[in-house]
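Below is one structure, written out as structure tokens; comments come after it.
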Amino acid sequence: MIITDRQKLAARYAKALGHPVRMYIVELLSRQSCCYSGDLAEFLPIARSTLSQHLKELKVAGLIQGEFNPPKIKYCLNRKVWEEARKLFRDILQLQVSDMPNHTSIPARRIRACADQS
């Protein structure tokens, strides 16, 4: 398969960051050490269950970590993973077309075939 582990990891991070509420959460957590889910609920005009789902997506991707302190959950940015994601996206976004490996280019005859079908 031509999909690399690095590309899969980038897609996982991109999916987790692919919603404005999750972007807000990450930005908020980047400006402070940690935040309780109840405090986040006060800032965001969304249902707690929806907030919980957004936090879960970020946690599954490894971008944040949660610590259960009954009855609250304290969330923090996973700084190690966040730095890894930043480096990965920086590397991807700095790619030039000329940097792409030849095996990823689509032969011209395939491109014409795709155009003929539309």
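Residues are referred to by chain and number: the chain letter is A, B, ... according to the order shown in the structure tokens, the number counts from 1 in that chain, and ligands are numbered separately from 1 in the order shown.
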Write out as a compact mmCIF listing (two decimals) with N, CA and C atoms, in the first residue's frame each polymer residue whose atoms come within 12 Å of Val60 of chain A, counting only C-alpha atoms; drop sequence neighbours fewer than 3 positions from it.
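Done, and the output landed in around-v1.txt:
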```txt
# COMPACT_ATOMS: atom_id res chain seq x y z
N LEU A 9 -1.25 8.97 10.43
CA LEU A 9 -1.18 9.75 11.65
C LEU A 9 -1.64 11.19 11.40
N ARG A 12 -5.33 11.26 11.13
CA ARG A 12 -5.97 11.13 12.44
C ARG A 12 -6.00 12.47 13.17
N TYR A 13 -4.88 13.17 13.14
CA TYR A 13 -4.84 14.49 13.78
C TYR A 13 -5.76 15.48 13.06
N LYS A 15 -8.45 14.87 11.34
CA LYS A 15 -9.84 14.55 11.65
C LYS A 15 -10.23 15.10 13.02
N ALA A 16 -9.34 14.91 13.98
CA ALA A 16 -9.63 15.40 15.34
C ALA A 16 -9.74 16.92 15.37
N LEU A 17 -8.98 17.60 14.54
CA LEU A 17 -8.99 19.06 14.53
C LEU A 17 -9.99 19.62 13.52
N GLN A 53 -18.40 14.51 23.46
CA GLN A 53 -18.03 13.83 22.22
C GLN A 53 -16.81 14.50 21.56
N HIS A 54 -16.78 15.83 21.57
CA HIS A 54 -15.63 16.55 21.01
C HIS A 54 -14.36 16.24 21.80
N LEU A 55 -14.46 16.23 23.12
CA LEU A 55 -13.31 15.90 23.96
C LEU A 55 -12.83 14.48 23.68
N LYS A 56 -13.78 13.58 23.49
CA LYS A 56 -13.43 12.19 23.20
C LYS A 56 -12.63 12.08 21.89
N GLU A 57 -13.06 12.81 20.86
CA GLU A 57 -12.35 12.79 19.57
C GLU A 57 -10.90 13.27 19.73
N LEU A 63 -4.34 14.04 21.23
CA LEU A 63 -3.98 15.46 21.32
C LEU A 63 -4.22 16.04 22.71
N ILE A 64 -5.17 15.47 23.44
CA ILE A 64 -5.41 15.89 24.82
C ILE A 64 -5.42 14.66 25.70
N GLN A 65 -5.29 14.88 26.98
CA GLN A 65 -5.39 13.78 27.94
C GLN A 65 -6.32 14.22 29.06
N GLY A 66 -7.03 13.26 29.60
CA GLY A 66 -7.97 13.56 30.67
C GLY A 66 -7.62 12.81 31.93
N ASN A 78 -1.91 17.31 25.43
CA ASN A 78 -0.81 16.35 25.49
C ASN A 78 0.34 17.00 24.70
N VAL A 81 2.50 14.94 22.13
CA VAL A 81 1.78 14.59 20.90
C VAL A 81 1.48 15.85 20.09
```
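For the atom pair formed by atom CA of Arg6 of chain A and atom CA of Arg22 of chain A, the distance is 21.9 Å, given to one decimal.
Shortest separation to Met23 of chain A among A:Arg86, A:Leu58, A:Pro70, A:Leu93 occurs at residue A:Leu58, atoms counted being only C-alpha atoms.
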- request: Determine which residues of segment 1-117 of chain A receive a DSSP assignment of strand (DSSP E), computed from the backbone, and state them as a count of residues only.
  value: 14
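For the pair atom CA of Cys34 of chain A and atom CA of Arg90 of chain A, the interatomic distance is 25.2 Å.
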- prompt: Nearest to Glu84 of chain A among A:Val21, A:Ala10, A:Leu40, A:Ile2, with distances taken over only C-alpha atoms: which residue is it?
  reply: A:Ala10
task: Can you list, as a count of residues only, all residues belonging to segment 2-116 of chain A that DSSP tags as helix (DSSP H, G or I)?
output: 73
- prompt: Using only C-alpha atoms, which residues sit within 12 Å of Phe68 of chain A once same-chain residues fewer than 4 positions away are excluded, as a ChimeraX atom specification?
  reply: /A:35-37,72-76
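Atom CA of Trp82 of chain A to atom CA of Ala41 of chain A spans 22.6 Å [interatomic distance, one decimal].
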- prompt: Can you tell me, as a ChimeraX atom specification, what residues are no more than 12 Å from Pro20 of chain A when counting only C-alpha atoms, ignoring any on the same chain fewer than 6 positions away?
  reply: /A:14,26-27,44,51,54
Filtering to N, CA and C atoms, could you give me those residues as a short mmCIF file (atom, residue, chain, number, x, y, z; two decimals), in the first residue's frame?
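To be explicit, this is the file written out as result.cif:
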```cif
data_model
loop_
_atom_site.label_atom_id
_atom_site.label_comp_id
_atom_site.auth_asym_id
_atom_site.auth_seq_id
_atom_site.Cartn_x
_atom_site.Cartn_y
_atom_site.Cartn_z
N ALA A 14 -5.75 15.45 11.73
CA ALA A 14 -6.58 16.37 10.96
C ALA A 14 -8.06 16.12 11.24
N VAL A 26 -8.64 23.13 21.75
CA VAL A 26 -7.18 23.01 21.68
C VAL A 26 -6.52 24.37 21.92
N GLU A 27 -7.07 25.42 21.31
CA GLU A 27 -6.51 26.76 21.53
C GLU A 27 -6.61 27.16 22.99
N LEU A 44 -18.65 27.24 26.16
CA LEU A 44 -19.18 26.81 24.87
C LEU A 44 -20.70 26.67 24.91
N LEU A 51 -20.16 18.36 23.94
CA LEU A 51 -18.81 18.70 24.40
C LEU A 51 -18.04 17.43 24.72
N HIS A 54 -16.78 15.83 21.57
CA HIS A 54 -15.63 16.55 21.01
C HIS A 54 -14.36 16.24 21.80
#
```
